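Next comes coords.csv, a file with CSV, C-alpha atoms.
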chain,number,residue,atom,x,y,z
A,1,MET,CA,28.7,-77.8,-77.4
A,2,ASN,CA,27.6,-79.5,-74.1
A,3,THR,CA,30.8,-78.3,-72.4
A,4,LEU,CA,30.2,-74.7,-73.4
A,5,HIS,CA,26.6,-74.8,-72.3
A,6,ARG,CA,27.6,-76.2,-68.9
A,7,THR,CA,30.2,-73.6,-68.4
A,8,ALA,CA,27.7,-70.8,-69.1
A,9,LEU,CA,25.3,-72.2,-66.6
A,10,LEU,CA,28.0,-72.4,-63.9
A,11,ALA,CA,29.0,-68.8,-64.6
A,12,ALA,CA,25.4,-67.6,-64.3
A,13,ALA,CA,24.9,-69.5,-61.1
A,14,GLY,CA,28.0,-68.0,-59.6
A,15,THR,CA,27.0,-64.5,-60.5
A,16,ALA,CA,23.5,-65.0,-58.9
A,17,LEU,CA,25.1,-66.3,-55.7
A,18,VAL,CA,27.4,-63.2,-55.5
A,19,LEU,CA,24.5,-60.8,-56.0
A,20,SER,CA,22.4,-62.6,-53.3
A,21,LEU,CA,25.2,-62.3,-50.7
A,22,THR,CA,25.7,-58.7,-51.5
A,23,ALA,CA,22.0,-58.0,-51.1
A,24,CYS,CA,21.9,-59.7,-47.7
A,25,GLN,CA,24.8,-57.6,-46.4
A,26,GLY,CA,23.1,-54.4,-47.5
A,27,ASP,CA,19.9,-55.3,-45.7
A,28,GLY,CA,21.8,-56.0,-42.5
A,29,ASP,CA,23.5,-52.6,-42.5
A,30,ALA,CA,20.2,-50.8,-43.1
A,31,ASN,CA,18.5,-52.5,-40.2
A,32,SER,CA,21.4,-51.8,-37.7
A,33,ALA,CA,21.6,-48.0,-38.5
A,34,PRO,CA,19.4,-45.6,-36.3
A,35,THR,CA,16.7,-43.6,-37.9
A,36,SER,CA,16.8,-39.8,-38.0
A,37,GLY,CA,13.8,-39.5,-35.7
A,38,SER,CA,15.3,-41.5,-32.8
A,39,SER,CA,17.3,-40.0,-30.0
A,40,VAL,CA,20.4,-41.3,-28.3
A,41,ASN,CA,21.3,-40.5,-24.8
A,42,VAL,CA,24.9,-39.6,-24.2
A,43,GLN,CA,26.7,-38.5,-21.0
A,44,SER,CA,27.9,-34.9,-21.0
A,45,PRO,CA,31.1,-33.9,-19.4
A,46,SER,CA,29.1,-32.4,-16.5
A,47,GLY,CA,27.4,-35.6,-15.8
A,48,ASP,CA,24.0,-34.6,-17.0
A,49,ALA,CA,22.1,-36.7,-19.6
A,50,SER,CA,21.6,-34.9,-22.9
A,51,ASP,CA,19.9,-35.7,-26.1
A,52,ALA,CA,21.9,-36.2,-29.3
A,53,SER,CA,19.1,-34.7,-31.3
A,54,GLY,CA,19.6,-31.3,-29.5
A,55,THR,CA,16.4,-31.3,-27.5
A,56,THR,CA,18.1,-30.8,-24.1
A,57,GLY,CA,20.4,-28.2,-25.5
A,58,ALA,CA,17.3,-26.2,-26.6
A,59,THR,CA,15.7,-26.5,-23.2
A,60,ASN,CA,18.9,-25.3,-21.4
A,61,SER,CA,19.1,-22.4,-23.7
A,62,THR,CA,15.5,-21.4,-23.1
A,63,GLY,CA,16.0,-21.7,-19.3
A,64,SER,CA,19.0,-19.5,-19.4
A,65,SER,CA,17.2,-16.9,-21.4
A,66,SER,CA,14.2,-17.0,-19.0
A,67,THR,CA,16.3,-16.6,-15.9
A,68,SER,CA,18.2,-13.7,-17.3
A,69,GLY,CA,15.0,-12.0,-18.3
A,70,SER,CA,13.4,-12.5,-14.9
A,71,THR,CA,16.4,-11.1,-13.1
A,72,GLY,CA,16.5,-8.1,-15.4
A,73,SER,CA,12.8,-7.5,-14.8
A,74,ASN,CA,13.1,-7.7,-11.0
A,75,SER,CA,16.1,-5.5,-11.0
A,76,GLY,CA,14.5,-2.9,-13.2
A,77,GLY,CA,11.2,-3.0,-11.3
A,78,GLY,CA,12.9,-2.6,-7.9
A,79,SER,CA,14.9,0.4,-9.0
A,80,THR,CA,11.9,2.1,-10.6
A,81,LYS,CA,9.8,1.6,-7.5
A,82,THR,CA,12.5,2.9,-5.1
A,83,SER,CA,13.1,5.9,-7.3
A,84,GLY,CA,9.4,6.7,-7.6
A,85,SER,CA,8.8,6.4,-3.9
A,86,SER,CA,11.7,8.6,-3.0
A,87,GLY,CA,10.7,11.2,-5.5
A,88,SER,CA,7.1,11.2,-4.2
A,89,ALA,CA,8.2,11.6,-0.5
A,90,SER,CA,10.5,14.4,-1.4
A,91,SER,CA,7.9,16.2,-3.4
A,92,GLY,CA,5.4,15.8,-0.6
A,93,GLU,CA,7.8,17.3,2.0
A,94,GLN,CA,8.6,20.2,-0.2
A,95,ALA,CA,4.9,20.9,-0.9
A,96,SER,CA,4.1,20.8,2.9
A,97,ALA,CA,7.0,23.1,3.8
A,98,SER,CA,6.0,25.6,1.2
A,99,THR,CA,2.3,25.5,2.1
A,100,PRO,CA,1.3,28.4,4.5
A,101,VAL,CA,-0.1,27.6,7.9
A,102,CYS,CA,-3.9,27.8,8.2
A,103,ALA,CA,-5.1,31.0,9.9
A,104,ALA,CA,-8.4,31.6,11.6
A,105,GLY,CA,-9.7,33.3,8.5
A,106,ASP,CA,-8.9,30.3,6.3
A,107,VAL,CA,-11.2,27.8,8.1
A,108,ARG,CA,-14.7,27.3,9.5
A,109,ILE,CA,-14.9,25.2,12.7
A,110,THR,CA,-18.0,23.3,13.7
A,111,ALA,CA,-18.8,20.8,16.4
A,112,ALA,CA,-20.9,17.6,16.4
A,113,THR,CA,-21.6,15.0,19.0
A,114,GLN,CA,-19.9,11.6,18.7
A,115,ASP,CA,-21.8,8.3,19.3
A,116,GLY,CA,-24.9,8.3,21.4
A,117,PRO,CA,-25.9,9.4,24.9
A,118,PRO,CA,-24.3,10.0,27.2
A,119,TYR,CA,-22.3,12.3,24.9
A,120,THR,CA,-18.8,12.0,26.2
A,121,HIS,CA,-17.1,13.1,23.0
A,122,ILE,CA,-17.5,15.7,20.2
A,123,VAL,CA,-15.8,16.0,16.8
A,124,LEU,CA,-14.4,19.3,15.6
A,125,THR,CA,-14.4,19.9,11.9
A,126,ALA,CA,-12.1,22.5,10.4
A,127,LYS,CA,-13.0,23.2,6.7
A,128,ASN,CA,-10.8,25.2,4.5
A,129,THR,CA,-13.0,27.9,3.2
A,130,SER,CA,-10.2,29.9,1.5
A,131,ARG,CA,-9.2,29.6,-2.2
A,132,HIS,CA,-5.8,28.3,-1.5
A,133,SER,CA,-4.2,25.3,0.3
A,134,CYS,CA,-3.0,25.7,3.9
A,135,ARG,CA,-1.3,23.6,6.5
A,136,LEU,CA,-3.2,22.8,9.7
A,137,THR,CA,-0.6,22.1,12.4
A,138,GLY,CA,-0.9,20.7,16.0
A,139,PHE,CA,-4.2,20.5,17.8
A,140,PRO,CA,-7.1,22.8,18.6
A,141,HIS,CA,-6.5,25.0,21.6
A,142,ILE,CA,-9.8,24.7,23.4
A,143,GLN,CA,-11.2,26.5,26.4
A,144,PHE,CA,-14.7,25.4,27.4
A,145,LEU,CA,-15.4,27.5,30.5
A,146,GLU,CA,-14.5,31.0,31.6
A,147,SER,CA,-13.6,29.6,35.0
A,148,HIS,CA,-10.9,27.4,33.5
A,149,LYS,CA,-8.6,29.4,31.4
A,150,GLN,CA,-6.1,26.7,30.7
A,151,ASP,CA,-6.3,24.9,27.3
A,152,VAL,CA,-7.7,21.3,27.2
A,153,PRO,CA,-4.7,18.9,27.2
A,154,ALA,CA,-3.8,17.1,24.0
A,155,VAL,CA,-3.3,13.4,23.5
A,156,ALA,CA,0.1,12.8,22.0
A,157,LYS,CA,-0.7,9.4,20.5
A,158,SER,CA,-3.3,11.0,18.2
A,159,ARG,CA,-0.7,13.1,16.4
A,160,PRO,CA,-0.6,12.2,12.6
A,161,GLU,CA,2.6,11.1,11.0
A,162,ALA,CA,2.4,13.5,8.1
A,163,PRO,CA,1.5,17.2,8.1
A,164,VAL,CA,-2.2,17.9,7.4
A,165,VAL,CA,-2.4,19.9,4.2
A,166,LEU,CA,-5.9,21.1,3.3
A,167,ALA,CA,-6.7,22.0,-0.3
A,168,ALA,CA,-9.5,24.5,-0.8
A,169,GLY,CA,-12.7,23.0,0.5
A,170,ASP,CA,-11.1,20.1,2.4
A,171,PRO,CA,-11.8,19.3,6.0
A,172,ALA,CA,-9.7,18.1,9.0
A,173,TYR,CA,-11.0,16.6,12.2
A,174,ALA,CA,-10.2,16.5,15.9
A,175,LEU,CA,-11.8,14.2,18.5
A,176,VAL,CA,-12.5,15.9,21.8
A,177,LYS,CA,-13.4,14.2,25.1
A,178,LEU,CA,-15.9,16.0,27.4
A,179,SER,CA,-16.2,13.6,30.3
A,180,ASP,CA,-16.3,10.0,31.4
A,181,GLY,CA,-20.1,9.9,31.2
A,182,GLY,CA,-20.6,9.3,34.9
A,183,ARG,CA,-23.5,10.8,36.9
A,184,GLU,CA,-21.3,11.9,39.8
A,185,GLU,CA,-18.9,13.9,37.7
A,186,ASN,CA,-18.5,17.6,38.1
A,187,ASN,CA,-20.1,18.4,34.7
A,188,GLU,CA,-21.0,21.9,33.7
A,189,PRO,CA,-23.2,22.9,30.8
A,190,VAL,CA,-21.5,24.5,27.8
A,191,THR,CA,-23.4,26.1,24.9
A,192,ALA,CA,-20.4,27.8,23.3
A,193,PHE,CA,-16.6,27.6,23.6
A,194,SER,CA,-13.4,29.1,22.2
A,195,VAL,CA,-10.9,27.5,19.8
A,196,MET,CA,-7.5,28.8,18.6
A,197,LEU,CA,-5.3,27.4,15.9
A,198,ALA,CA,-1.6,26.7,16.4
A,199,GLY,CA,0.3,29.8,15.4
A,200,ASP,CA,-2.7,32.2,15.4
A,201,PRO,CA,-3.9,34.0,18.5
A,202,THR,CA,-7.3,34.7,17.0
A,203,VAL,CA,-10.1,33.3,19.2
A,204,ILE,CA,-12.8,31.4,17.2
A,205,ALA,CA,-16.2,31.1,18.8
A,206,VAL,CA,-17.7,27.6,18.3
A,207,THR,CA,-21.4,26.8,19.1
A,208,ALA,CA,-21.8,23.6,21.0
A,209,PRO,CA,-24.0,20.9,19.4
A,210,GLY,CA,-27.5,20.1,20.7
A,211,SER,CA,-30.3,22.3,21.8
A,212,GLU,CA,-29.1,22.2,25.4
A,213,GLY,CA,-25.4,22.3,24.6
A,214,ILE,CA,-22.9,19.8,26.1
A,215,ALA,CA,-21.8,18.7,29.6
A,216,VAL,CA,-18.1,19.1,30.3
A,217,ASP,CA,-16.0,17.9,33.2
A,218,PRO,CA,-12.9,20.2,33.0
A,219,ALA,CA,-10.8,17.6,34.8
A,220,LYS,CA,-11.5,14.9,32.3
A,221,ALA,CA,-11.5,16.9,29.0
A,222,LEU,CA,-8.9,16.0,26.4
A,223,THR,CA,-8.4,16.8,22.7
A,224,GLY,CA,-6.8,15.0,19.8
A,225,TYR,CA,-4.6,16.4,17.1
A,226,TRP,CA,-6.0,17.6,13.7
A,227,THR,CA,-6.2,14.7,11.3
A,228,PRO,CA,-7.2,14.5,7.6
A,229,GLU,CA,-9.8,11.7,8.3
A,230,LEU,CA,-12.3,11.0,11.1
A,231,ARG,CA,-10.6,8.1,12.9
A,232,ASN,CA,-13.5,6.4,14.8
A,233,GLY,CA,-12.0,4.2,17.5
A,234,ALA,CA,-8.4,4.9,16.5
A,235,ASP,CA,-7.8,7.2,19.4
A,236,ASP,CA,-8.8,5.6,22.7
A,237,PHE,CA,-9.2,8.5,25.1

Represent the structure contained in this file as structure tokens.
Amino acid sequence: MNTLHRTALLAAAGTALVLSLTACQGDGDANSAPTSGSSVNVQSPSGDASDASGTTGATNSTGSSSTSGSTGSNSGGGSTKTSGSSGSASSGEQASASTPVCAAGDVRITAATQDGPPYTHIVLTAKNTSRHSCRLTGFPHIQFLESHKQDVPAVAKSRPEAPVVLAAGDPAYALVKLSDGGREENNEPVTAFSVMLAGDPTVIAVTAPGSEGIAVDPAKALTGYWTPELRNGADDF
């Protein structure tokens, strides 16, 4: 009876020892394994560090998509802008070419002094009084005095780059030099003068500004081209 009891005790002790060793081994394996939330750096074939969890892969994919989208956007924007610009320029040229040249009966020309005394310049305004658009070409052909039949010379640098097309009611301008403003100049008083448009031989009588008219030195007089805006200081003459 004592022998059997002792054998049973030894068997129980051996079983407990085996279970204890097994439990220790299990705990060691659990502690050595990485958790699912950690990341492990590995070396990719290209030499770049990547993340085993896929974070770097997602970044690279996003970057590739962004670059592709940016390139596509720039390419599309550039082609659209070029196409629009070319179409606009072509349409503008066709409209100018098909617009009739302004005749004397299409415009009303008035004169006003420029800046203060001494009044060395005047501004001519040609307003389209017709009910249709017309094209104002060149410069005003001006004759101030009966004793000087030649037209006032034009300043080439004042010529606009694009044709001047006036819609109904629109104005155009031309800057005109009268003299240098010196007291010893050969100035002559002018109360009215004649203007002709390019392509139309009709003489338009224009009243000079001011109650006493203007003083003109025929040797110094110059005129600018017709422009769609009053370019103060743009034409230095």

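Around Ala154 in chain A, within 8 Å and counting only C-alpha atoms, the residues found are Phe139, Leu222, Thr223, Gly224 and Tyr225 of chain A, once anything fewer than 5 positions away on its own chain is removed.
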
With C-alpha atoms retained, could you export that selection as a PDB file, in the frame of the given file?
ATOM      1  CA  PHE A 139      -4.200  20.500  17.800  1.00  0.00           C
ATOM      2  CA  LEU A 222      -8.900  16.000  26.400  1.00  0.00           C
ATOM      3  CA  THR A 223      -8.400  16.800  22.700  1.00  0.00           C
ATOM      4  CA  GLY A 224      -6.800  15.000  19.800  1.00  0.00           C
ATOM      5  CA  TYR A 225      -4.600  16.400  17.100  1.00  0.00           C
TER       6      TYR A 225
END

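Of the residues listed (A:Pro218, A:Pro100, A:Gly169, A:Pro163), A:Gly169 shows the shortest atom-to-atom separation from Thr125 in chain A; distances use all atoms listed in the file.
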
Atomic distance CA of Thr191 in chain A - CA of Ala208 in chain A, expressed in Å with one decimal: 4.9 Å

Pick from A:Lys177, A:Val206, A:Ala219, A:Arg183, whichever lies nearest to Asp115 in chain A using all atoms listed in the file: A:Lys177

Pick from A:Lys149, A:Thr129, A:His121, A:Pro140 nearest to Phe237 in chain A, counting only C-alpha atoms: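 Distance minimum relative to Phe237 in chain A lands on A:His121.
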
Distance query 8 Å from (-8.3, 24.2, 18.2) using all atoms listed in the file, result as a list of chain:residue names: A:Phe139, A:Pro140, A:His141, A:Ile142, A:Val195, A:Met196, A:Leu197, A:Ala198

Shell of 12 Å around Asp217 in chain A, all atoms listed in the file, local chain residues under 4 positions omitted, as a list in words: Tyr119, Thr120, His121, Gln143, Phe144, Leu145, His148, Val152, Lys177, Leu178, Ser179, Asp180, Gly181, Gly182, Arg183, Glu184, Glu185, Asn186, Asn187, Glu188, Pro189, Val190, Ala221 and Leu222 of chain A

For Val101 in chain A, the nearest of the candidates A:Thr113, A:Thr137, A:Thr227, A:Thr207, counting all atoms listed in the file: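 Once distances to Val101 in chain A are computed over all atoms listed in the file, the minimum belongs to A:Thr137.
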
One-decimal distance in Å that lies between CA of Tyr173 in chain A and CA of Ser158 in chain A: 11.3 Å

Distance of CA of Ala112 in chain A from CA of Asp151 in chain A, expressed in Å to one decimal place: 19.6 Å

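Among the candidate residues A:Leu230, A:Ala205, A:Asp236, A:Gln150, the one lying nearest to Arg108 in chain A is A:Ala205, with distances computed using only C-alpha atoms.
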
Option closest in space to Ala192 in chain A, from A:Ala97, A:Ala111, A:Ala126, A:Ala168 [counting all atoms listed in the file]: A:Ala111
